[in-house]
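Raw contents of query_34.txt, compact mmCIF, N, CA and C atoms:
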```txt
# COMPACT_ATOMS: atom_id res chain seq x y z
N MET M 1 -32.48 -14.21 -31.16
CA MET M 1 -33.20 -13.89 -32.38
C MET M 1 -32.97 -15.00 -33.40
N ILE M 2 -34.01 -15.28 -34.16
CA ILE M 2 -33.92 -16.25 -35.24
C ILE M 2 -34.40 -15.58 -36.52
N VAL M 3 -33.67 -15.81 -37.61
CA VAL M 3 -34.01 -15.19 -38.89
C VAL M 3 -34.63 -16.24 -39.81
N LEU M 4 -35.62 -15.80 -40.57
CA LEU M 4 -36.35 -16.68 -41.48
C LEU M 4 -36.29 -16.15 -42.90
N GLY M 5 -36.35 -17.08 -43.84
CA GLY M 5 -36.45 -16.69 -45.24
C GLY M 5 -37.04 -17.81 -46.05
N SER M 6 -37.77 -17.43 -47.09
CA SER M 6 -38.34 -18.43 -47.99
C SER M 6 -38.52 -17.83 -49.37
N ASP M 7 -38.67 -18.72 -50.34
CA ASP M 7 -39.13 -18.28 -51.65
C ASP M 7 -40.64 -18.53 -51.69
N HIS M 8 -41.23 -18.40 -52.86
CA HIS M 8 -42.67 -18.59 -52.99
C HIS M 8 -43.10 -20.01 -52.65
N GLY M 9 -42.24 -21.00 -52.88
CA GLY M 9 -42.56 -22.39 -52.58
C GLY M 9 -42.56 -22.71 -51.10
N GLY M 10 -41.98 -21.83 -50.29
CA GLY M 10 -41.93 -22.05 -48.85
C GLY M 10 -42.69 -21.03 -48.04
N LEU M 11 -43.36 -20.11 -48.72
CA LEU M 11 -44.02 -18.99 -48.04
C LEU M 11 -45.04 -19.45 -47.00
N GLU M 12 -45.93 -20.34 -47.39
CA GLU M 12 -46.99 -20.78 -46.48
C GLU M 12 -46.40 -21.44 -45.23
N LEU M 13 -45.43 -22.30 -45.43
CA LEU M 13 -44.80 -22.98 -44.29
C LEU M 13 -44.03 -21.99 -43.43
N LYS M 14 -43.35 -21.05 -44.05
CA LYS M 14 -42.60 -20.04 -43.29
C LYS M 14 -43.53 -19.26 -42.37
N GLU M 15 -44.69 -18.89 -42.89
CA GLU M 15 -45.63 -18.12 -42.08
C GLU M 15 -46.13 -18.93 -40.88
N ALA M 16 -46.38 -20.22 -41.08
CA ALA M 16 -46.82 -21.08 -39.98
C ALA M 16 -45.70 -21.24 -38.95
N ILE M 17 -44.48 -21.41 -39.41
CA ILE M 17 -43.34 -21.56 -38.50
C ILE M 17 -43.10 -20.27 -37.74
N GLN M 18 -43.23 -19.14 -38.41
CA GLN M 18 -43.04 -17.86 -37.74
C GLN M 18 -44.04 -17.71 -36.59
N LYS M 19 -45.28 -18.06 -36.81
CA LYS M 19 -46.29 -17.99 -35.75
C LYS M 19 -45.91 -18.89 -34.58
N ALA M 20 -45.43 -20.09 -34.88
CA ALA M 20 -45.03 -21.02 -33.82
C ALA M 20 -43.83 -20.49 -33.04
N LEU M 21 -42.88 -19.86 -33.72
CA LEU M 21 -41.72 -19.30 -33.04
C LEU M 21 -42.11 -18.14 -32.13
N ILE M 22 -42.98 -17.30 -32.62
CA ILE M 22 -43.46 -16.18 -31.80
C ILE M 22 -44.21 -16.70 -30.59
N ALA M 23 -45.01 -17.75 -30.78
CA ALA M 23 -45.73 -18.36 -29.66
C ALA M 23 -44.77 -18.92 -28.61
N ARG M 24 -43.58 -19.32 -29.04
CA ARG M 24 -42.54 -19.79 -28.11
C ARG M 24 -41.85 -18.64 -27.39
N GLY M 25 -42.16 -17.41 -27.80
CA GLY M 25 -41.55 -16.24 -27.19
C GLY M 25 -40.24 -15.82 -27.82
N LEU M 26 -39.95 -16.31 -29.02
CA LEU M 26 -38.70 -15.97 -29.69
C LEU M 26 -38.85 -14.69 -30.51
N ASP M 27 -37.76 -13.94 -30.59
CA ASP M 27 -37.70 -12.79 -31.49
C ASP M 27 -37.41 -13.32 -32.88
N VAL M 28 -38.21 -12.89 -33.85
CA VAL M 28 -38.10 -13.39 -35.21
C VAL M 28 -37.93 -12.23 -36.17
N VAL M 29 -36.99 -12.37 -37.10
CA VAL M 29 -36.85 -11.42 -38.20
C VAL M 29 -37.13 -12.19 -39.48
N ASP M 30 -38.09 -11.71 -40.24
CA ASP M 30 -38.52 -12.35 -41.48
C ASP M 30 -37.93 -11.59 -42.66
N TYR M 31 -37.05 -12.26 -43.39
CA TYR M 31 -36.41 -11.64 -44.56
C TYR M 31 -37.19 -11.88 -45.85
N GLY M 32 -38.39 -12.40 -45.74
CA GLY M 32 -39.23 -12.58 -46.92
C GLY M 32 -39.09 -13.97 -47.50
N THR M 33 -39.79 -14.17 -48.51
CA THR M 33 -40.68 -13.36 -49.30
C THR M 33 -41.99 -13.15 -48.55
N ASP M 34 -42.77 -12.18 -49.00
CA ASP M 34 -44.01 -11.88 -48.29
C ASP M 34 -45.25 -12.03 -49.16
N ASN M 35 -45.08 -12.63 -50.35
CA ASN M 35 -46.25 -12.90 -51.19
C ASN M 35 -45.95 -14.12 -52.06
N GLY M 36 -46.93 -14.58 -52.78
CA GLY M 36 -46.79 -15.80 -53.56
C GLY M 36 -46.19 -15.62 -54.94
N ASP M 37 -45.74 -14.42 -55.28
CA ASP M 37 -45.12 -14.20 -56.59
C ASP M 37 -43.82 -15.00 -56.71
N SER M 38 -43.55 -15.48 -57.89
CA SER M 38 -42.33 -16.24 -58.13
C SER M 38 -41.10 -15.37 -57.87
N VAL M 39 -40.18 -15.90 -57.05
CA VAL M 39 -38.94 -15.21 -56.71
C VAL M 39 -37.79 -16.20 -56.79
N ASP M 40 -36.58 -15.72 -56.68
CA ASP M 40 -35.39 -16.55 -56.75
C ASP M 40 -34.88 -16.87 -55.35
N TYR M 41 -34.85 -18.16 -55.01
CA TYR M 41 -34.45 -18.57 -53.66
C TYR M 41 -33.08 -18.08 -53.24
N PRO M 42 -32.08 -17.93 -54.13
CA PRO M 42 -30.77 -17.46 -53.64
C PRO M 42 -30.84 -16.09 -52.95
N ASP M 43 -31.76 -15.24 -53.38
CA ASP M 43 -31.87 -13.90 -52.79
C ASP M 43 -32.23 -13.97 -51.31
N PHE M 44 -33.07 -14.92 -50.94
CA PHE M 44 -33.53 -15.03 -49.55
C PHE M 44 -32.57 -15.87 -48.72
N ALA M 45 -31.97 -16.87 -49.35
CA ALA M 45 -30.94 -17.65 -48.65
C ALA M 45 -29.77 -16.76 -48.29
N GLU M 46 -29.41 -15.85 -49.19
CA GLU M 46 -28.30 -14.94 -48.93
C GLU M 46 -28.58 -14.07 -47.71
N LYS M 47 -29.78 -13.55 -47.60
CA LYS M 47 -30.11 -12.67 -46.46
C LYS M 47 -29.98 -13.41 -45.13
N VAL M 48 -30.55 -14.60 -45.07
CA VAL M 48 -30.52 -15.36 -43.82
C VAL M 48 -29.11 -15.86 -43.52
N ALA M 49 -28.46 -16.47 -44.50
CA ALA M 49 -27.13 -17.04 -44.27
C ALA M 49 -26.10 -15.97 -43.95
N SER M 50 -26.20 -14.82 -44.59
CA SER M 50 -25.23 -13.76 -44.28
C SER M 50 -25.45 -13.23 -42.87
N ALA M 51 -26.69 -13.15 -42.41
CA ALA M 51 -26.95 -12.70 -41.04
C ALA M 51 -26.36 -13.68 -40.04
N VAL M 52 -26.48 -14.96 -40.30
CA VAL M 52 -25.90 -15.97 -39.41
C VAL M 52 -24.37 -15.96 -39.52
N SER M 53 -23.86 -15.88 -40.72
CA SER M 53 -22.42 -15.87 -40.93
C SER M 53 -21.74 -14.69 -40.24
N ARG M 54 -22.38 -13.54 -40.27
CA ARG M 54 -21.81 -12.33 -39.64
C ARG M 54 -22.06 -12.27 -38.14
N GLY M 55 -22.83 -13.23 -37.60
CA GLY M 55 -23.10 -13.24 -36.17
C GLY M 55 -24.22 -12.32 -35.75
N GLU M 56 -24.99 -11.82 -36.70
CA GLU M 56 -26.13 -10.97 -36.36
C GLU M 56 -27.27 -11.78 -35.77
N SER M 57 -27.29 -13.07 -36.08
CA SER M 57 -28.28 -14.00 -35.53
C SER M 57 -27.58 -15.33 -35.30
N ASP M 58 -27.95 -16.01 -34.25
CA ASP M 58 -27.37 -17.32 -33.96
C ASP M 58 -27.98 -18.41 -34.82
N LEU M 59 -29.26 -18.25 -35.16
CA LEU M 59 -29.99 -19.31 -35.85
C LEU M 59 -30.82 -18.76 -36.99
N GLY M 60 -31.05 -19.61 -37.99
CA GLY M 60 -31.91 -19.26 -39.10
C GLY M 60 -32.69 -20.46 -39.59
N ILE M 61 -33.77 -20.18 -40.29
CA ILE M 61 -34.57 -21.21 -40.93
C ILE M 61 -34.84 -20.75 -42.35
N LEU M 62 -34.59 -21.63 -43.30
CA LEU M 62 -34.83 -21.36 -44.71
C LEU M 62 -35.79 -22.39 -45.28
N ILE M 63 -36.68 -21.94 -46.16
CA ILE M 63 -37.66 -22.84 -46.74
C ILE M 63 -37.86 -22.49 -48.21
N CYS M 64 -37.69 -23.49 -49.06
CA CYS M 64 -38.07 -23.38 -50.47
C CYS M 64 -38.90 -24.62 -50.79
N GLY M 65 -39.16 -24.88 -52.05
CA GLY M 65 -40.01 -26.01 -52.40
C GLY M 65 -39.54 -27.32 -51.82
N THR M 66 -38.26 -27.65 -52.04
CA THR M 66 -37.70 -28.90 -51.51
C THR M 66 -36.68 -28.67 -50.40
N GLY M 67 -36.15 -27.47 -50.31
CA GLY M 67 -35.07 -27.18 -49.37
C GLY M 67 -33.70 -27.35 -49.97
N ILE M 68 -33.61 -27.99 -51.10
CA ILE M 68 -32.31 -28.29 -51.70
C ILE M 68 -31.58 -27.01 -52.12
N GLY M 69 -32.26 -26.15 -52.87
CA GLY M 69 -31.63 -24.93 -53.34
C GLY M 69 -31.17 -24.04 -52.20
N MET M 70 -32.02 -23.86 -51.21
CA MET M 70 -31.67 -23.02 -50.06
C MET M 70 -30.44 -23.57 -49.34
N SER M 71 -30.37 -24.88 -49.16
CA SER M 71 -29.23 -25.44 -48.43
C SER M 71 -27.94 -25.28 -49.22
N ILE M 72 -28.01 -25.40 -50.54
CA ILE M 72 -26.81 -25.20 -51.36
C ILE M 72 -26.29 -23.78 -51.19
N VAL M 73 -27.17 -22.81 -51.29
CA VAL M 73 -26.75 -21.41 -51.17
C VAL M 73 -26.23 -21.10 -49.77
N ALA M 74 -26.98 -21.50 -48.76
CA ALA M 74 -26.62 -21.15 -47.38
C ALA M 74 -25.24 -21.67 -47.00
N ASN M 75 -24.91 -22.86 -47.47
CA ASN M 75 -23.63 -23.46 -47.10
C ASN M 75 -22.44 -22.86 -47.83
N LYS M 76 -22.66 -21.86 -48.66
CA LYS M 76 -21.56 -21.12 -49.28
C LYS M 76 -20.97 -20.09 -48.32
N PHE M 77 -21.67 -19.79 -47.24
CA PHE M 77 -21.26 -18.72 -46.32
C PHE M 77 -20.40 -19.27 -45.19
N PRO M 78 -19.29 -18.61 -44.90
CA PRO M 78 -18.40 -19.07 -43.83
C PRO M 78 -19.13 -19.19 -42.49
N GLY M 79 -18.88 -20.30 -41.82
CA GLY M 79 -19.46 -20.50 -40.49
C GLY M 79 -20.88 -20.98 -40.50
N VAL M 80 -21.49 -21.07 -41.65
CA VAL M 80 -22.87 -21.56 -41.74
C VAL M 80 -22.84 -23.07 -41.88
N ARG M 81 -23.66 -23.70 -41.07
CA ARG M 81 -23.88 -25.14 -41.16
C ARG M 81 -25.38 -25.33 -41.35
N ALA M 82 -25.80 -25.25 -42.60
CA ALA M 82 -27.21 -25.38 -42.95
C ALA M 82 -27.52 -26.85 -43.21
N ALA M 83 -28.53 -27.36 -42.51
CA ALA M 83 -28.89 -28.77 -42.64
C ALA M 83 -30.30 -28.90 -43.17
N LEU M 84 -30.42 -29.60 -44.27
CA LEU M 84 -31.72 -29.92 -44.85
C LEU M 84 -32.25 -31.15 -44.11
N ALA M 85 -33.42 -31.01 -43.51
CA ALA M 85 -34.00 -32.11 -42.75
C ALA M 85 -35.37 -32.49 -43.32
N ALA M 86 -35.65 -33.79 -43.26
CA ALA M 86 -36.91 -34.31 -43.77
C ALA M 86 -37.79 -34.90 -42.68
N ASP M 87 -37.23 -35.04 -41.47
CA ASP M 87 -38.02 -35.57 -40.37
C ASP M 87 -37.42 -35.09 -39.04
N GLU M 88 -38.09 -35.43 -37.95
CA GLU M 88 -37.66 -34.96 -36.64
C GLU M 88 -36.29 -35.49 -36.25
N PHE M 89 -36.00 -36.74 -36.59
CA PHE M 89 -34.69 -37.31 -36.25
C PHE M 89 -33.56 -36.55 -36.94
N MET M 90 -33.76 -36.22 -38.22
CA MET M 90 -32.74 -35.46 -38.93
C MET M 90 -32.57 -34.07 -38.32
N ALA M 91 -33.65 -33.44 -37.91
CA ALA M 91 -33.56 -32.12 -37.28
C ALA M 91 -32.79 -32.22 -35.96
N GLN M 92 -33.06 -33.25 -35.20
CA GLN M 92 -32.37 -33.45 -33.93
C GLN M 92 -30.88 -33.69 -34.15
N MET M 93 -30.54 -34.57 -35.08
CA MET M 93 -29.14 -34.87 -35.36
C MET M 93 -28.40 -33.66 -35.95
N ALA M 94 -29.13 -32.86 -36.73
CA ALA M 94 -28.51 -31.66 -37.29
C ALA M 94 -27.96 -30.77 -36.18
N LYS M 95 -28.68 -30.67 -35.07
CA LYS M 95 -28.22 -29.86 -33.94
C LYS M 95 -27.24 -30.63 -33.08
N GLU M 96 -27.58 -31.85 -32.69
CA GLU M 96 -26.76 -32.59 -31.74
C GLU M 96 -25.39 -32.97 -32.29
N HIS M 97 -25.32 -33.35 -33.55
CA HIS M 97 -24.06 -33.82 -34.12
C HIS M 97 -23.35 -32.79 -34.99
N ASN M 98 -24.11 -31.93 -35.65
CA ASN M 98 -23.51 -30.99 -36.60
C ASN M 98 -23.60 -29.54 -36.15
N ASN M 99 -24.26 -29.29 -35.03
CA ASN M 99 -24.45 -27.93 -34.53
C ASN M 99 -24.95 -27.01 -35.64
N ALA M 100 -25.93 -27.51 -36.40
CA ALA M 100 -26.49 -26.74 -37.50
C ALA M 100 -27.08 -25.44 -36.98
N ASN M 101 -26.65 -24.34 -37.60
CA ASN M 101 -27.18 -23.05 -37.19
C ASN M 101 -28.26 -22.54 -38.14
N ILE M 102 -28.51 -23.28 -39.21
CA ILE M 102 -29.64 -23.00 -40.08
C ILE M 102 -30.33 -24.33 -40.39
N LEU M 103 -31.62 -24.37 -40.15
CA LEU M 103 -32.44 -25.52 -40.51
C LEU M 103 -33.11 -25.21 -41.83
N VAL M 104 -33.03 -26.15 -42.77
CA VAL M 104 -33.63 -25.95 -44.08
C VAL M 104 -34.74 -26.98 -44.27
N LEU M 105 -35.88 -26.49 -44.75
CA LEU M 105 -37.06 -27.34 -44.91
C LEU M 105 -37.65 -27.18 -46.30
N GLY M 106 -38.38 -28.19 -46.72
CA GLY M 106 -39.06 -28.15 -48.00
C GLY M 106 -40.54 -27.87 -47.83
N GLY M 107 -40.98 -26.73 -48.32
CA GLY M 107 -42.37 -26.32 -48.17
C GLY M 107 -43.34 -27.15 -48.98
N ARG M 108 -42.87 -27.77 -50.04
CA ARG M 108 -43.75 -28.58 -50.88
C ARG M 108 -43.69 -30.07 -50.55
N VAL M 109 -42.85 -30.43 -49.60
CA VAL M 109 -42.70 -31.85 -49.27
C VAL M 109 -43.01 -32.17 -47.81
N LEU M 110 -43.23 -31.15 -46.99
CA LEU M 110 -43.50 -31.37 -45.57
C LEU M 110 -44.87 -30.82 -45.19
N PRO M 111 -45.66 -31.61 -44.48
CA PRO M 111 -46.89 -31.06 -43.91
C PRO M 111 -46.54 -30.05 -42.81
N THR M 112 -47.36 -29.04 -42.66
CA THR M 112 -47.08 -27.96 -41.70
C THR M 112 -46.86 -28.48 -40.29
N GLU M 113 -47.73 -29.34 -39.81
CA GLU M 113 -47.62 -29.83 -38.44
C GLU M 113 -46.29 -30.55 -38.20
N LYS M 114 -45.89 -31.36 -39.16
CA LYS M 114 -44.61 -32.08 -39.05
C LYS M 114 -43.45 -31.09 -39.05
N ALA M 115 -43.49 -30.10 -39.93
CA ALA M 115 -42.41 -29.13 -40.01
C ALA M 115 -42.28 -28.33 -38.71
N VAL M 116 -43.38 -27.94 -38.13
CA VAL M 116 -43.34 -27.20 -36.86
C VAL M 116 -42.74 -28.09 -35.77
N LYS M 117 -43.09 -29.35 -35.74
CA LYS M 117 -42.49 -30.28 -34.77
C LYS M 117 -40.99 -30.37 -34.98
N MET M 118 -40.59 -30.44 -36.25
CA MET M 118 -39.16 -30.52 -36.56
C MET M 118 -38.41 -29.29 -36.06
N VAL M 119 -38.99 -28.12 -36.26
CA VAL M 119 -38.37 -26.89 -35.78
C VAL M 119 -38.24 -26.93 -34.26
N ASN M 120 -39.28 -27.36 -33.58
CA ASN M 120 -39.24 -27.44 -32.12
C ASN M 120 -38.18 -28.42 -31.63
N VAL M 121 -38.09 -29.57 -32.29
CA VAL M 121 -37.06 -30.55 -31.92
C VAL M 121 -35.67 -29.95 -32.12
N TRP M 122 -35.47 -29.30 -33.25
CA TRP M 122 -34.17 -28.67 -33.53
C TRP M 122 -33.83 -27.62 -32.48
N LEU M 123 -34.79 -26.78 -32.15
CA LEU M 123 -34.55 -25.73 -31.15
C LEU M 123 -34.31 -26.31 -29.75
N ASP M 124 -34.98 -27.41 -29.43
CA ASP M 124 -34.87 -28.00 -28.10
C ASP M 124 -33.66 -28.92 -27.95
N SER M 125 -33.01 -29.24 -29.05
CA SER M 125 -31.83 -30.11 -29.00
C SER M 125 -30.58 -29.27 -28.72
N SER M 126 -29.58 -29.94 -28.17
CA SER M 126 -28.32 -29.27 -27.84
C SER M 126 -27.16 -29.98 -28.53
N TYR M 127 -26.21 -29.19 -28.94
CA TYR M 127 -25.00 -29.72 -29.56
C TYR M 127 -24.26 -30.55 -28.53
N GLU M 128 -23.85 -31.77 -28.93
CA GLU M 128 -23.18 -32.69 -28.01
C GLU M 128 -21.69 -32.46 -27.89
N GLY M 129 -21.08 -31.81 -28.86
CA GLY M 129 -19.64 -31.60 -28.80
C GLY M 129 -18.89 -32.91 -28.89
N GLY M 130 -17.84 -33.07 -28.08
CA GLY M 130 -17.08 -34.31 -28.06
C GLY M 130 -16.51 -34.65 -29.42
N ARG M 131 -16.74 -35.89 -29.84
CA ARG M 131 -16.18 -36.37 -31.12
C ARG M 131 -16.69 -35.56 -32.30
N HIS M 132 -17.85 -34.94 -32.14
CA HIS M 132 -18.42 -34.15 -33.23
C HIS M 132 -17.65 -32.85 -33.46
N GLN M 133 -17.04 -32.32 -32.40
CA GLN M 133 -16.30 -31.07 -32.54
C GLN M 133 -15.10 -31.24 -33.47
N ARG M 134 -14.44 -32.37 -33.38
CA ARG M 134 -13.30 -32.65 -34.27
C ARG M 134 -13.74 -32.53 -35.73
N ARG M 135 -14.91 -33.00 -36.04
CA ARG M 135 -15.41 -32.96 -37.41
C ARG M 135 -15.76 -31.53 -37.83
N LEU M 136 -16.36 -30.78 -36.92
CA LEU M 136 -16.68 -29.38 -37.24
C LEU M 136 -15.40 -28.57 -37.40
N ASP M 137 -14.39 -28.89 -36.62
CA ASP M 137 -13.10 -28.21 -36.77
C ASP M 137 -12.51 -28.47 -38.15
N LYS M 138 -12.68 -29.67 -38.67
CA LYS M 138 -12.19 -29.99 -40.01
C LYS M 138 -12.94 -29.18 -41.07
N ILE M 139 -14.23 -28.99 -40.87
CA ILE M 139 -15.01 -28.17 -41.80
C ILE M 139 -14.48 -26.74 -41.79
N THR M 140 -14.20 -26.22 -40.61
CA THR M 140 -13.67 -24.86 -40.49
C THR M 140 -12.32 -24.75 -41.19
N LEU M 141 -11.47 -25.74 -41.03
CA LEU M 141 -10.18 -25.73 -41.72
C LEU M 141 -10.36 -25.73 -43.24
N LEU M 142 -11.32 -26.48 -43.73
CA LEU M 142 -11.59 -26.49 -45.16
C LEU M 142 -12.08 -25.12 -45.64
N GLU M 143 -12.98 -24.52 -44.87
CA GLU M 143 -13.46 -23.17 -45.22
C GLU M 143 -12.30 -22.19 -45.28
N ASP M 144 -11.43 -22.26 -44.29
CA ASP M 144 -10.27 -21.35 -44.26
C ASP M 144 -9.35 -21.59 -45.44
N ALA M 145 -9.12 -22.84 -45.80
CA ALA M 145 -8.25 -23.16 -46.92
C ALA M 145 -8.84 -22.67 -48.25
N VAL M 146 -10.12 -22.81 -48.40
CA VAL M 146 -10.78 -22.34 -49.62
C VAL M 146 -10.68 -20.81 -49.71
N ARG M 147 -10.96 -20.12 -48.60
CA ARG M 147 -10.87 -18.65 -48.58
C ARG M 147 -9.46 -18.18 -48.90
N ALA M 148 -8.47 -18.94 -48.44
CA ALA M 148 -7.08 -18.56 -48.66
C ALA M 148 -6.57 -18.98 -50.05
N GLY M 149 -7.42 -19.62 -50.82
CA GLY M 149 -7.02 -20.06 -52.15
C GLY M 149 -6.12 -21.29 -52.17
N LYS M 150 -6.10 -22.01 -51.08
CA LYS M 150 -5.25 -23.20 -50.99
C LYS M 150 -5.93 -24.47 -51.49
N LEU M 151 -7.21 -24.38 -51.70
CA LEU M 151 -7.96 -25.53 -52.25
C LEU M 151 -8.78 -25.08 -53.44
```

Rewrite the coordinates I just gave you, this time as structure tokens.
Amino acid sequence: MIVLGSDHGGLELKEAIQKALIARGLDVVDYGTDNGDSVDYPDFAEKVASAVSRGESDLGILICGTGIGMSIVANKFPGVRAALAADEFMAQMAKEHNNANILVLGGRVLPTEKAVKMVNVWLDSSYEGGRHQRRLDKITLLEDAVRAGKL
């Protein structure tokens, strides 16, 4: 299962990506928004990131106008590695090197066709592990230290 969320600035792109994911045969849960009314992106980032953080979903996609706000919020959640990508190479590296479990996109800066390609590249890429795992382990140690009040 993959969880999706957007604010009003990412609604159109989210709907196109959702259709593409369903066409791939994936189970999709859409946490909104479902209309063009102005909303606050943290509300939707929280829903997606908390589902991934709690292990209710392995992967998520967040979309706001630029992707910046969504990525800031999502990365507040333990175990979330949300990567803001602007092209296919960044989407691929987000998975291969960072094992990103949430892909963040900008609905006002990416054409739909390019964004769908980026999602497909991200989904089709595999985490390489190896030297990259050492770095992810350091991120986990930092998260643990912050939670414990040591940083």

When you draw a straight line from CA of Leu26 in chain M to atom N of Gly65 in chain M, how long is it in Å? 24.1 Å

Using all atoms listed in the file, which protein or nucleic acid residues come within 8 Å of range 134-141 of chain M? Drop anything in the same chain fewer than 3 positions from it, and give the result as an mmCIF file with N, CA and C atoms, in the frame of the given file.
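Saved the output as around.cif:
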```cif
data_model
loop_
_atom_site.group_PDB
_atom_site.id
_atom_site.type_symbol
_atom_site.label_atom_id
_atom_site.label_comp_id
_atom_site.auth_asym_id
_atom_site.auth_seq_id
_atom_site.Cartn_x
_atom_site.Cartn_y
_atom_site.Cartn_z
ATOM 1 N N GLY M 79 -18.880 -20.300 -41.820
ATOM 2 C CA GLY M 79 -19.460 -20.500 -40.490
ATOM 3 C C GLY M 79 -20.880 -20.980 -40.500
ATOM 4 N N HIS M 97 -25.320 -33.350 -33.550
ATOM 5 C CA HIS M 97 -24.060 -33.820 -34.120
ATOM 6 C C HIS M 97 -23.350 -32.790 -34.990
ATOM 7 N N ASN M 98 -24.110 -31.930 -35.650
ATOM 8 C CA ASN M 98 -23.510 -30.990 -36.600
ATOM 9 C C ASN M 98 -23.600 -29.540 -36.150
ATOM 10 N N ASN M 99 -24.260 -29.290 -35.030
ATOM 11 C CA ASN M 99 -24.450 -27.930 -34.530
ATOM 12 C C ASN M 99 -24.950 -27.010 -35.640
ATOM 13 N N GLY M 129 -21.080 -31.810 -28.860
ATOM 14 C CA GLY M 129 -19.640 -31.600 -28.800
ATOM 15 C C GLY M 129 -18.890 -32.910 -28.890
ATOM 16 N N GLY M 130 -17.840 -33.070 -28.080
ATOM 17 C CA GLY M 130 -17.080 -34.310 -28.060
ATOM 18 C C GLY M 130 -16.510 -34.650 -29.420
ATOM 19 N N ARG M 131 -16.740 -35.890 -29.840
ATOM 20 C CA ARG M 131 -16.180 -36.370 -31.120
ATOM 21 C C ARG M 131 -16.690 -35.560 -32.300
ATOM 22 N N ASP M 144 -11.430 -22.260 -44.290
ATOM 23 C CA ASP M 144 -10.270 -21.350 -44.260
ATOM 24 C C ASP M 144 -9.350 -21.590 -45.440
ATOM 25 N N ALA M 145 -9.120 -22.840 -45.800
ATOM 26 C CA ALA M 145 -8.250 -23.160 -46.920
ATOM 27 C C ALA M 145 -8.840 -22.670 -48.250
ATOM 28 N N VAL M 146 -10.120 -22.810 -48.400
ATOM 29 C CA VAL M 146 -10.780 -22.340 -49.620
ATOM 30 C C VAL M 146 -10.680 -20.810 -49.710
ATOM 31 N N ARG M 147 -10.960 -20.120 -48.600
ATOM 32 C CA ARG M 147 -10.870 -18.650 -48.580
ATOM 33 C C ARG M 147 -9.460 -18.180 -48.900
#
```

What's the separation between atom C of Ile61 in chain M and CA of Ala148 in chain M, in Å to one decimal place?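 The value is 28.6 Å.
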
Applying 10 Å and only C-alpha atoms, which residues near range 34-40 of chain M remain after dropping the ones on its own chain fewer than 3 positions away? List them as a PyMOL selection string. chain M and resi 5-12+14-15+30-31+43-45+64+69

With 6.5 Å as the threshold, what does the neighbourhood of (-33.3, -28.5, -36.2) contain in terms of residues, counting only N, CA and C atoms? Coordinates are those of the file; answer as a list in words. Met90, Ala91, Gln92, Ala94, Lys95, Leu103, Met118, Val119, Val121, Trp122 and Leu123 of chain M

Could you go through chain M and tell me which residues DSSP, when run on the backbone, assigns to alpha helix (DSSP H), listing them as a ChimeraX atom specification? /M:11-23,41-53,68-74,88-96,112-124,131-147

Using all atoms listed in the file: which of M:Ala86, M:Leu59, M:Ala51, M:Val73 has the shortest distance to Val109 in chain M: M:Ala86

Write out as an mmCIF file with N, CA and C atoms, in the coordinates of the input the set of residues from range 28-129 of chain M that DSSP, computed on the backbone, places in strand (DSSP E or B).
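The result, written out as states-v5.cif:
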```cif
data_model
loop_
_atom_site.group_PDB
_atom_site.id
_atom_site.type_symbol
_atom_site.label_atom_id
_atom_site.label_comp_id
_atom_site.auth_asym_id
_atom_site.auth_seq_id
_atom_site.Cartn_x
_atom_site.Cartn_y
_atom_site.Cartn_z
ATOM 1 N N VAL M 28 -38.210 -12.890 -33.850
ATOM 2 C CA VAL M 28 -38.100 -13.390 -35.210
ATOM 3 C C VAL M 28 -37.930 -12.230 -36.170
ATOM 4 N N VAL M 29 -36.990 -12.370 -37.100
ATOM 5 C CA VAL M 29 -36.850 -11.420 -38.200
ATOM 6 C C VAL M 29 -37.130 -12.190 -39.480
ATOM 7 N N ASP M 30 -38.090 -11.710 -40.240
ATOM 8 C CA ASP M 30 -38.520 -12.350 -41.480
ATOM 9 C C ASP M 30 -37.930 -11.590 -42.660
ATOM 10 N N LEU M 59 -29.260 -18.250 -35.160
ATOM 11 C CA LEU M 59 -29.990 -19.310 -35.850
ATOM 12 C C LEU M 59 -30.820 -18.760 -36.990
ATOM 13 N N GLY M 60 -31.050 -19.610 -37.990
ATOM 14 C CA GLY M 60 -31.910 -19.260 -39.100
ATOM 15 C C GLY M 60 -32.690 -20.460 -39.590
ATOM 16 N N ILE M 61 -33.770 -20.180 -40.290
ATOM 17 C CA ILE M 61 -34.570 -21.210 -40.930
ATOM 18 C C ILE M 61 -34.840 -20.750 -42.350
ATOM 19 N N LEU M 62 -34.590 -21.630 -43.300
ATOM 20 C CA LEU M 62 -34.830 -21.360 -44.710
ATOM 21 C C LEU M 62 -35.790 -22.390 -45.280
ATOM 22 N N ILE M 63 -36.680 -21.940 -46.160
ATOM 23 C CA ILE M 63 -37.660 -22.840 -46.740
ATOM 24 C C ILE M 63 -37.860 -22.490 -48.210
ATOM 25 N N CYS M 64 -37.690 -23.490 -49.060
ATOM 26 C CA CYS M 64 -38.070 -23.380 -50.470
ATOM 27 C C CYS M 64 -38.900 -24.620 -50.790
ATOM 28 N N ALA M 82 -25.800 -25.250 -42.600
ATOM 29 C CA ALA M 82 -27.210 -25.380 -42.950
ATOM 30 C C ALA M 82 -27.520 -26.850 -43.210
ATOM 31 N N ALA M 83 -28.530 -27.360 -42.510
ATOM 32 C CA ALA M 83 -28.890 -28.770 -42.640
ATOM 33 C C ALA M 83 -30.300 -28.900 -43.170
ATOM 34 N N LEU M 84 -30.420 -29.600 -44.270
ATOM 35 C CA LEU M 84 -31.720 -29.920 -44.850
ATOM 36 C C LEU M 84 -32.250 -31.150 -44.110
ATOM 37 N N ILE M 102 -28.510 -23.280 -39.210
ATOM 38 C CA ILE M 102 -29.640 -23.000 -40.080
ATOM 39 C C ILE M 102 -30.330 -24.330 -40.390
ATOM 40 N N LEU M 103 -31.620 -24.370 -40.150
ATOM 41 C CA LEU M 103 -32.440 -25.520 -40.510
ATOM 42 C C LEU M 103 -33.110 -25.210 -41.830
ATOM 43 N N VAL M 104 -33.030 -26.150 -42.770
ATOM 44 C CA VAL M 104 -33.630 -25.950 -44.080
ATOM 45 C C VAL M 104 -34.740 -26.980 -44.270
ATOM 46 N N LEU M 105 -35.880 -26.490 -44.750
ATOM 47 C CA LEU M 105 -37.060 -27.340 -44.910
ATOM 48 C C LEU M 105 -37.650 -27.180 -46.300
ATOM 49 N N GLY M 106 -38.380 -28.190 -46.720
ATOM 50 C CA GLY M 106 -39.060 -28.150 -48.000
ATOM 51 C C GLY M 106 -40.540 -27.870 -47.830
#
```
